[in-house]
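Visitor: Coordinates in work-v6.pdb, PDB, C-alpha atoms and all ligand atoms, are listed below.
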ATOM      1  CA  MET O 192      32.724 377.733 131.116
ATOM      2  CA  THR O 193      33.589 381.130 129.635
ATOM      3  CA  GLY O 194      36.669 381.230 131.911
ATOM      4  CA  GLN O 195      38.201 378.498 129.736
ATOM      5  CA  LEU O 196      37.411 380.251 126.490
ATOM      6  CA  PRO O 197      39.947 382.376 124.628
ATOM      7  CA  SER O 198      39.805 386.077 125.377
ATOM      8  CA  ALA O 199      37.602 387.768 122.745
ATOM      9  CA  GLU O 200      39.034 391.190 121.984
ATOM     10  CA  VAL O 201      37.867 394.177 119.955
ATOM     11  CA  PHE O 202      40.112 396.733 118.279
ATOM     12  CA  ILE O 203      38.058 399.107 116.190
ATOM     13  CA  ALA O 204      37.682 402.718 115.133
ATOM     14  CA  THR O 205      34.407 404.618 115.284
ATOM     15  CA  SER O 206      33.164 408.093 114.479
ATOM     16  CA  LEU O 207      32.431 410.051 117.628
ATOM     17  CA  ASP O 208      28.768 409.170 117.100
ATOM     18  CA  GLY O 209      29.571 405.476 117.137
ATOM     19  CA  TYR O 210      29.602 404.376 113.508
ATOM     20  CA  ILE O 211      32.179 402.030 111.984
ATOM     21  CA  ALA O 212      31.183 402.635 108.353
ATOM     22  CA  ARG O 213      28.809 404.728 106.287
ATOM     23  CA  PRO O 214      25.479 403.071 105.402
ATOM     24  CA  ASP O 215      26.964 401.666 102.162
ATOM     25  CA  GLY O 216      30.006 400.276 104.001
ATOM     26  CA  ASP O 217      32.374 403.088 102.975
ATOM     27  CA  ILE O 218      35.315 403.637 105.364
ATOM     28  CA  LEU O 219      37.229 406.320 103.433
ATOM     29  CA  TRP O 220      36.290 408.801 106.180
ATOM     30  CA  LEU O 221      38.615 406.659 108.330
ATOM     31  CA  THR O 222      41.290 405.272 106.014
ATOM     32  CA  GLY O 223      41.684 408.540 104.072
ATOM     33  CA  ARG O 224      42.372 410.626 107.177
ATOM     34  CA  PRO O 225      45.875 412.024 107.817
ATOM     35  CA  VAL O 226      47.693 410.317 110.692
ATOM     36  CA  PRO O 227      51.029 411.091 112.363
ATOM     37  CA  GLU O 228      53.964 409.673 110.376
ATOM     38  CA  GLY O 229      54.542 405.986 111.178
ATOM     39  CA  GLU O 230      51.711 405.860 113.755
ATOM     40  CA  ASP O 231      49.491 402.783 113.760
ATOM     41  CA  PHE O 232      47.717 403.442 117.081
ATOM     42  CA  GLY O 233      48.910 400.118 118.495
ATOM     43  CA  TYR O 234      47.294 398.003 115.785
ATOM     44  CA  ALA O 235      50.331 395.935 114.751
ATOM     45  CA  ALA O 236      51.140 395.090 118.376
ATOM     46  CA  PHE O 237      47.528 394.095 118.963
ATOM     47  CA  LEU O 238      47.469 391.899 115.850
ATOM     48  CA  ASP O 239      50.739 390.248 116.908
ATOM     49  CA  GLY O 240      49.150 389.224 120.191
ATOM     50  CA  VAL O 241      46.092 387.432 118.835
ATOM     51  CA  GLY O 242      46.024 383.844 117.647
ATOM     52  CA  ALA O 243      42.953 384.103 115.425
ATOM     53  CA  MET O 244      40.403 386.511 114.118
ATOM     54  CA  VAL O 245      36.625 386.213 113.832
ATOM     55  CA  MET O 246      35.017 388.639 111.406
ATOM     56  CA  GLY O 247      31.558 389.134 109.990
ATOM     57  CA  ARG O 248      30.838 388.287 106.384
ATOM     58  CA  GLU O 249      30.351 391.998 105.548
ATOM     59  CA  SER O 250      33.779 392.908 106.924
ATOM     60  CA  PHE O 251      35.328 389.953 105.097
ATOM     61  CA  GLU O 252      33.884 391.119 101.792
ATOM     62  CA  LYS O 253      35.192 394.635 102.464
ATOM     63  CA  VAL O 254      38.704 393.365 103.226
ATOM     64  CA  LEU O 255      38.641 391.363  99.989
ATOM     65  CA  THR O 256      38.433 394.706  98.125
ATOM     66  CA  PHE O 257      41.756 395.846  99.648
ATOM     67  CA  PRO O 258      44.849 395.478  97.429
ATOM     68  CA  ASP O 259      46.325 392.820  99.742
ATOM     69  CA  TRP O 260      45.008 390.455 102.381
ATOM     70  CA  PRO O 261      46.320 392.091 105.582
ATOM     71  CA  TYR O 262      46.171 389.239 108.102
ATOM     72  CA  LYS O 263      48.712 386.559 108.971
ATOM     73  CA  THR O 264      46.492 384.945 111.606
ATOM     74  CA  PRO O 265      43.836 382.324 110.841
ATOM     75  CA  VAL O 266      40.418 383.906 110.212
ATOM     76  CA  VAL O 267      36.928 382.581 110.851
ATOM     77  CA  VAL O 268      34.252 384.397 108.835
ATOM     78  CA  LEU O 269      30.800 384.274 110.429
ATOM     79  CA  SER O 270      27.720 383.911 108.253
ATOM     80  CA  ARG O 271      24.249 382.479 108.755
ATOM     81  CA  THR O 272      24.579 381.021 105.269
ATOM     82  CA  PRO O 273      28.225 379.883 105.272
ATOM     83  CA  GLU O 274      27.794 377.785 102.139
ATOM     84  CA  ARG O 275      27.162 380.975 100.164
ATOM     85  CA  VAL O 276      30.368 382.753 101.206
ATOM     86  CA  VAL O 277      33.086 382.558  98.573
ATOM     87  CA  VAL O 278      36.652 382.322  99.864
ATOM     88  CA  PRO O 279      39.311 383.018  97.218
ATOM     89  CA  GLU O 280      41.544 380.002  96.531
ATOM     90  CA  ALA O 281      44.652 381.817  97.816
ATOM     91  CA  LEU O 282      43.024 382.290 101.247
ATOM     92  CA  LYS O 283      41.564 378.828 101.736
ATOM     93  CA  ALA O 284      44.446 377.704 103.969
ATOM     94  CA  SER O 285      43.867 380.524 106.463
ATOM     95  CA  VAL O 286      40.187 381.485 106.133
ATOM     96  CA  ARG O 287      37.229 379.299 107.036
ATOM     97  CA  VAL O 288      33.553 380.190 107.146
ATOM     98  CA  SER O 289      31.314 379.214 110.028
ATOM     99  CA  GLY O 290      27.651 379.474 110.935
ATOM    100  CA  GLN O 291      28.282 378.525 114.549
ATOM    101  CA  SER O 292      27.353 380.685 117.527
ATOM    102  CA  PRO O 293      29.965 383.001 119.070
ATOM    103  CA  VAL O 294      30.521 380.691 122.036
ATOM    104  CA  LYS O 295      30.948 377.642 119.792
ATOM    105  CA  VAL O 296      33.450 379.487 117.615
ATOM    106  CA  LEU O 297      35.448 380.473 120.696
ATOM    107  CA  GLU O 298      35.310 376.890 121.978
ATOM    108  CA  MET O 299      36.580 375.646 118.626
ATOM    109  CA  LEU O 300      39.467 378.121 118.600
ATOM    110  CA  GLY O 301      40.257 377.379 122.247
ATOM    111  CA  ALA O 302      40.463 373.674 121.426
ATOM    112  CA  GLU O 303      43.034 374.613 118.775
ATOM    113  CA  GLY O 304      45.170 376.311 121.430
ATOM    114  CA  VAL O 305      44.224 379.923 120.651
ATOM    115  CA  THR O 306      44.144 382.144 123.747
ATOM    116  CA  ARG O 307      43.261 385.564 122.274
ATOM    117  CA  VAL O 308      40.817 386.185 119.442
ATOM    118  CA  TYR O 309      40.288 389.448 117.541
ATOM    119  CA  ILE O 310      36.582 390.017 116.888
ATOM    120  CA  ASP O 311      35.751 392.388 114.015
ATOM    121  CA  GLY O 312      32.653 393.823 112.326
ATOM    122  CA  GLY O 313      29.825 395.674 114.049
ATOM    123  CA  GLN O 314      27.114 393.015 113.911
ATOM    124  CA  THR O 315      29.653 390.391 114.848
ATOM    125  CA  ILE O 316      30.987 392.323 117.832
ATOM    126  CA  ARG O 317      27.422 392.925 119.016
ATOM    127  CA  SER O 318      26.635 389.225 118.846
ATOM    128  CA  PHE O 319      29.672 388.474 121.025
ATOM    129  CA  LEU O 320      28.702 391.306 123.412
ATOM    130  CA  ALA O 321      25.149 389.972 123.636
ATOM    131  CA  GLU O 322      26.545 386.679 124.936
ATOM    132  CA  GLY O 323      28.857 388.452 127.394
ATOM    133  CA  LEU O 324      31.941 387.135 125.630
ATOM    134  CA  VAL O 325      34.039 390.244 124.947
ATOM    135  CA  ARG O 326      36.907 390.510 127.426
ATOM    136  CA  ARG O 327      38.897 393.472 126.075
ATOM    137  CA  THR O 328      37.708 396.454 124.037
ATOM    138  CA  ILE O 329      39.941 399.046 122.384
ATOM    139  CA  VAL O 330      38.082 401.777 120.520
ATOM    140  CA  THR O 331      39.728 404.613 118.638
ATOM    141  CA  LEU O 332      37.382 407.583 118.386
ATOM    142  CA  ILE O 333      37.739 409.535 115.150
ATOM    143  CA  PRO O 334      36.873 413.241 115.341
ATOM    144  CA  VAL O 335      33.928 413.216 112.960
ATOM    145  CA  LEU O 336      30.156 412.918 113.335
ATOM    146  CA  LEU O 337      28.813 410.836 110.449
ATOM    147  CA  GLY O 338      25.173 411.269 111.402
ATOM    148  CA  GLN O 339      24.273 407.868 109.988
ATOM    149  CA  GLY O 340      25.990 404.614 109.244
ATOM    150  CA  ARG O 341      26.681 401.115 110.475
ATOM    151  CA  PRO O 342      26.776 401.173 114.262
ATOM    152  CA  LEU O 343      29.223 399.527 116.587
ATOM    153  CA  TRP O 344      27.069 399.605 119.692
ATOM    154  CA  GLY O 345      23.637 398.288 120.628
ATOM    155  CA  HIS O 346      24.019 394.631 121.596
ATOM    156  CA  GLY O 347      20.493 394.630 122.959
ATOM    157  CA  ALA O 348      21.158 392.471 126.006
ATOM    158  CA  GLY O 349      22.271 393.087 129.576
ATOM    159  CA  ASP O 350      24.752 395.680 130.863
ATOM    160  CA  VAL O 351      28.424 395.040 130.273
ATOM    161  CA  ASP O 352      30.365 396.765 133.059
ATOM    162  CA  LEU O 353      33.800 397.900 131.994
ATOM    163  CA  THR O 354      37.039 398.857 133.702
ATOM    164  CA  LEU O 355      39.101 401.559 132.023
ATOM    165  CA  VAL O 356      42.657 400.357 131.399
ATOM    166  CA  ALA O 357      44.032 403.255 129.351
ATOM    167  CA  ALA O 358      43.076 406.432 127.509
ATOM    168  CA  ARG O 359      45.387 407.841 124.857
ATOM    169  CA  SER O 360      45.175 410.745 122.447
ATOM    170  CA  TRP O 361      47.079 412.020 119.444
ATOM    171  CA  ASP O 362      47.596 415.458 117.924
ATOM    172  CA  ASN O 363      45.359 414.609 114.965
ATOM    173  CA  GLY O 364      42.412 414.297 117.342
ATOM    174  CA  PHE O 365      42.188 410.510 117.609
ATOM    175  CA  VAL O 366      41.312 409.326 121.118
ATOM    176  CA  GLN O 367      41.717 405.702 122.087
ATOM    177  CA  VAL O 368      40.060 404.089 125.086
ATOM    178  CA  GLU O 369      40.835 400.596 126.314
ATOM    179  CA  TYR O 370      38.617 398.610 128.667
ATOM    180  CA  LEU O 371      38.453 395.190 130.259
ATOM    181  CA  ALA O 372      35.116 393.533 130.976
TER     182      ALA O 372
HETATM  183  N1  LIG O 401      35.771 401.288 111.594
HETATM  184  C1  LIG O 401      36.420 400.140 111.702
HETATM  185  O1  LIG O 401      37.455 400.041 112.383
HETATM  186  C2  LIG O 401      35.862 398.939 111.011
HETATM  187  C3  LIG O 401      36.269 397.650 111.423
HETATM  188  C4  LIG O 401      35.676 396.543 110.809
HETATM  189  C5  LIG O 401      34.733 396.716 109.821
HETATM  190  N2  LIG O 401      34.383 397.960 109.440
HETATM  191  C6  LIG O 401      33.366 398.168 108.397
HETATM  192  O2  LIG O 401      32.125 397.762 108.934
HETATM  193  C7  LIG O 401      31.312 397.195 107.915
HETATM  194  C8  LIG O 401      30.925 395.781 108.318
HETATM  195  O3  LIG O 401      30.339 395.762 109.606
HETATM  196  P1  LIG O 401      28.848 395.279 109.787
HETATM  197  O4  LIG O 401      28.405 395.571 111.179
HETATM  198  O5  LIG O 401      28.053 395.844 108.673
HETATM  199  O6  LIG O 401      28.911 393.704 109.547
HETATM  200  P2  LIG O 401      29.846 392.469 110.005
HETATM  201  O7  LIG O 401      29.701 392.206 111.453
HETATM  202  O8  LIG O 401      31.206 392.606 109.433
HETATM  203  O9  LIG O 401      29.139 391.312 109.150
HETATM  204  C9  LIG O 401      27.772 391.048 109.361
HETATM  205  C10 LIG O 401      27.470 389.675 108.882
HETATM  206  O10 LIG O 401      28.231 388.717 109.631
HETATM  207  C11 LIG O 401      27.443 387.571 109.847
HETATM  208  N3  LIG O 401      27.250 387.420 111.282
HETATM  209  C12 LIG O 401      27.410 388.360 112.255
HETATM  210  N4  LIG O 401      27.173 387.826 113.468
HETATM  211  C13 LIG O 401      26.879 386.536 113.251
HETATM  212  C14 LIG O 401      26.554 385.461 114.098
HETATM  213  N5  LIG O 401      26.478 385.605 115.430
HETATM  214  N6  LIG O 401      26.300 384.255 113.545
HETATM  215  C15 LIG O 401      26.369 384.093 112.212
HETATM  216  N7  LIG O 401      26.672 385.081 111.345
HETATM  217  C16 LIG O 401      26.926 386.278 111.869
HETATM  218  C17 LIG O 401      26.163 387.765 109.062
HETATM  219  O11 LIG O 401      26.463 387.310 107.754
HETATM  220  P3  LIG O 401      25.329 386.768 106.717
HETATM  221  O12 LIG O 401      24.577 387.986 106.280
HETATM  222  O13 LIG O 401      26.153 386.148 105.611
HETATM  223  O14 LIG O 401      24.503 385.781 107.469
HETATM  224  C18 LIG O 401      26.020 389.271 109.071
HETATM  225  O15 LIG O 401      25.218 389.785 108.038
HETATM  226  C19 LIG O 401      32.161 397.191 106.653
HETATM  227  O16 LIG O 401      31.851 398.350 105.904
HETATM  228  C20 LIG O 401      33.580 397.292 107.184
HETATM  229  O17 LIG O 401      34.464 397.905 106.275
HETATM  230  C21 LIG O 401      34.913 399.089 110.021
END
Please lay out the structure from this file as structure tokens.
Ligand SMILES: NC(=O)c1ccc[n+]([C@@H]2O[C@H](COP(=O)([O-])OP(=O)(O)OC[C@H]3O[C@@H](n4cnc5c(N)ncnc54)[C@H](OP(=O)(O)O)[C@@H]3O)[C@@H](O)[C@H]2O)c1

Guide:
Amino acid sequence: MTGQLPSAEVFIATSLDGYIARPDGDILWLTGRPVPEGEDFGYAAFLDGVGAMVMGRESFEKVLTFPDWPYKTPVVVLSRTPERVVVPEALKASVRVSGQSPVKVLEMLGAEGVTRVYIDGGQTIRSFLAEGLVRRTIVTLIPVLLGQGRPLWGHGAGDVDLTLVAARSWDNGFVQVEYLA
């Protein structure tokens, strides 16, 4: 069954101690960090390759605070109370909200012809991991220990064995690891 589903893929940055945001959701420790001129760590190429994105409601609300909506791909926002999630009028053509399970969301996107799906948000990624659905994982490790925050890891289910595809590093201390499951 899962063989027919789109490939669920993660591209995310974490502190070395595994957090994606501070407890209050702040990501300035990441976005405010100097990076080599013109370097995007492969993000644009990754985004170009996916046909849709699934993000958690918390990540959606964070992205809504950015000056511009950054995504050209269709987005599914996951929430257990989808009727409560407000989508701005300008995004209604490309953003829908769903309370379906990870596998159902992937089935829906697969039926629409999508072959690769970008999964974003810590809780959301963990719920896909818990169902064994994540096929590709790219994590950029940021050289900071936050000590506390919103975790990426801890899906609370069985082992997910991974095969290392690539490891890259940059002079500013970012290290990126890419795995297939
Ligand atoms: N470091 C990075 O690269 C990076 C990347 C992305 C996000 N972030 C940051 O991470 C924070 C958000 O991550 P997060 O882990 O707190 O939350 P998240 O995964 O973005 O959103 C969590 C919410 O998504 C919904 N949800 C998740 N899984 C679901 C499922 N299986 N079924 C139905 N609904 C589901 C629930 O919404 P309801 O509560 O509405 O039910 C849940 O409360 C933000 O601060 C964001 O800026 C950082």

Visitor: Which chains and residue numbers are within 6 Å of ligand LIG 401 (chain O), counting all atoms listed in the file, if I want them as a VMD selection string?

Guide: chain O and resid 203 to 205 211 to 212 216 to 218 246 to 250 253 269 to 272 290 292 to 293 311 to 315 318 341

Visitor: Could you write out that same residue set with C-alpha atoms as a PDB file, keeping the file's coordinate frame?

Guide:
ATOM      1  CA  ILE O 203      38.058 399.107 116.190  1.00  0.00           C
ATOM      2  CA  ALA O 204      37.682 402.718 115.133  1.00  0.00           C
ATOM      3  CA  THR O 205      34.407 404.618 115.284  1.00  0.00           C
ATOM      4  CA  ILE O 211      32.179 402.030 111.984  1.00  0.00           C
ATOM      5  CA  ALA O 212      31.183 402.635 108.353  1.00  0.00           C
ATOM      6  CA  GLY O 216      30.006 400.276 104.001  1.00  0.00           C
ATOM      7  CA  ASP O 217      32.374 403.088 102.975  1.00  0.00           C
ATOM      8  CA  ILE O 218      35.315 403.637 105.364  1.00  0.00           C
ATOM      9  CA  MET O 246      35.017 388.639 111.406  1.00  0.00           C
ATOM     10  CA  GLY O 247      31.558 389.134 109.990  1.00  0.00           C
ATOM     11  CA  ARG O 248      30.838 388.287 106.384  1.00  0.00           C
ATOM     12  CA  GLU O 249      30.351 391.998 105.548  1.00  0.00           C
ATOM     13  CA  SER O 250      33.779 392.908 106.924  1.00  0.00           C
ATOM     14  CA  LYS O 253      35.192 394.635 102.464  1.00  0.00           C
ATOM     15  CA  LEU O 269      30.800 384.274 110.429  1.00  0.00           C
ATOM     16  CA  SER O 270      27.720 383.911 108.253  1.00  0.00           C
ATOM     17  CA  ARG O 271      24.249 382.479 108.755  1.00  0.00           C
ATOM     18  CA  THR O 272      24.579 381.021 105.269  1.00  0.00           C
ATOM     19  CA  GLY O 290      27.651 379.474 110.935  1.00  0.00           C
ATOM     20  CA  SER O 292      27.353 380.685 117.527  1.00  0.00           C
ATOM     21  CA  PRO O 293      29.965 383.001 119.070  1.00  0.00           C
ATOM     22  CA  ASP O 311      35.751 392.388 114.015  1.00  0.00           C
ATOM     23  CA  GLY O 312      32.653 393.823 112.326  1.00  0.00           C
ATOM     24  CA  GLY O 313      29.825 395.674 114.049  1.00  0.00           C
ATOM     25  CA  GLN O 314      27.114 393.015 113.911  1.00  0.00           C
ATOM     26  CA  THR O 315      29.653 390.391 114.848  1.00  0.00           C
ATOM     27  CA  SER O 318      26.635 389.225 118.846  1.00  0.00           C
ATOM     28  CA  ARG O 341      26.681 401.115 110.475  1.00  0.00           C
TER      29      ARG O 341
END

Visitor: How many Å separate CA of Val368 (chain O) from CA of Thr331 (chain O)?

Guide: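 According to the coordinates, CA of Val368 (chain O) and CA of Thr331 (chain O) are separated by 6.5 Å.
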
Visitor: Name the residues within 12 Å of (33.4, 382.3, 118.8), counting all atoms listed in the file in the file's coordinates, and put them as an MDAnalysis selection string.

Guide: chainID O and resid 193 196:200 243:247 266:269 288:302 305:311 315:316 318:320 322:325

Visitor: Got a sec to resolve the PyMOL selection byres (((chain O and resi 337) around 8) and not hetatm) on this structure and send the residues as a ChimeraX atom specification?

Guide: /O:206,208,210,213,335-336,338-340

Visitor: Could you list, as number ranges by chain, every residue matched by the PyMOL selection byres (((chain O and resi 363) around 9) and not hetatm) in this structure?

Guide: O: 225-227, 334, 360-362, 364-365

Visitor: Would you kindly return, as a short mmCIF file (atom, residue, chain, number, x, y, z; two decimals) with C-alpha atoms, in the frame of the given file, each protein, DNA or RNA residue with an atom no farther than 8 Å from any atom of Ala372 (chain O), considering only C-alpha atoms and excluding same-chain residues fewer than 4 positions away?

Guide:
data_model
loop_
_atom_site.label_atom_id
_atom_site.label_comp_id
_atom_site.auth_asym_id
_atom_site.auth_seq_id
_atom_site.Cartn_x
_atom_site.Cartn_y
_atom_site.Cartn_z
CA VAL O 325 34.04 390.24 124.95
CA ARG O 326 36.91 390.51 127.43
CA ARG O 327 38.90 393.47 126.08
CA THR O 328 37.71 396.45 124.04
CA VAL O 351 28.42 395.04 130.27
CA ASP O 352 30.36 396.76 133.06
CA LEU O 353 33.80 397.90 131.99
CA THR O 354 37.04 398.86 133.70
#

Visitor: Can you tell me how far CA of Val201 (chain O) sits from CA of Gly240 (chain O), in Å to one decimal?

Guide: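 Here the two named atoms are 12.3 Å from each other.
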
Visitor: Kindly list the centre and edge lengths in Å, rounded to one decimal, for the axis-aligned box that covers all listed atoms of region 333-338 of chain O plus 8 Å on each of its six sides, as lines of an AutoDock Vina configuration file.

Guide:
center_x = 31.5
center_y = 411.4
center_z = 112.9
size_x = 28.6
size_y = 19.7
size_z = 20.9

Visitor: Hey, can you check how far CA of Gly347 (chain O) sits from CA of Arg317 (chain O)?

Guide: 8.2 Å

Visitor: Which of these residues is nearest to Ala235 (chain O), using all atoms listed in the file: O:Thr256, O:Asp350, O:Ala281, O:Phe202?

Guide: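 Among the listed residues, O:Phe202 lies closest to Ala235 (chain O).
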
Visitor: Which of these residues is nearest to Val278 (chain O), using only C-alpha atoms: O:Leu207, O:Phe251, O:Arg224, O:Phe257?

Guide: O:Phe251

Visitor: Counting only C-alpha atoms, figure out which residue out of O:Glu252, O:Asp239, O:Glu228, O:Trp344 gets nearest to Val276 (chain O).

Guide: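 Under the stated criterion, the closest residue is O:Glu252.
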
Visitor: Run through the PyMOL selection byres (((chain O and resi 358) around 10) and not hetatm) on the given coordinates and return the selected residues as a PyMOL selection string.

Guide: chain O and resi 329-331+355-357+359-360+366-370
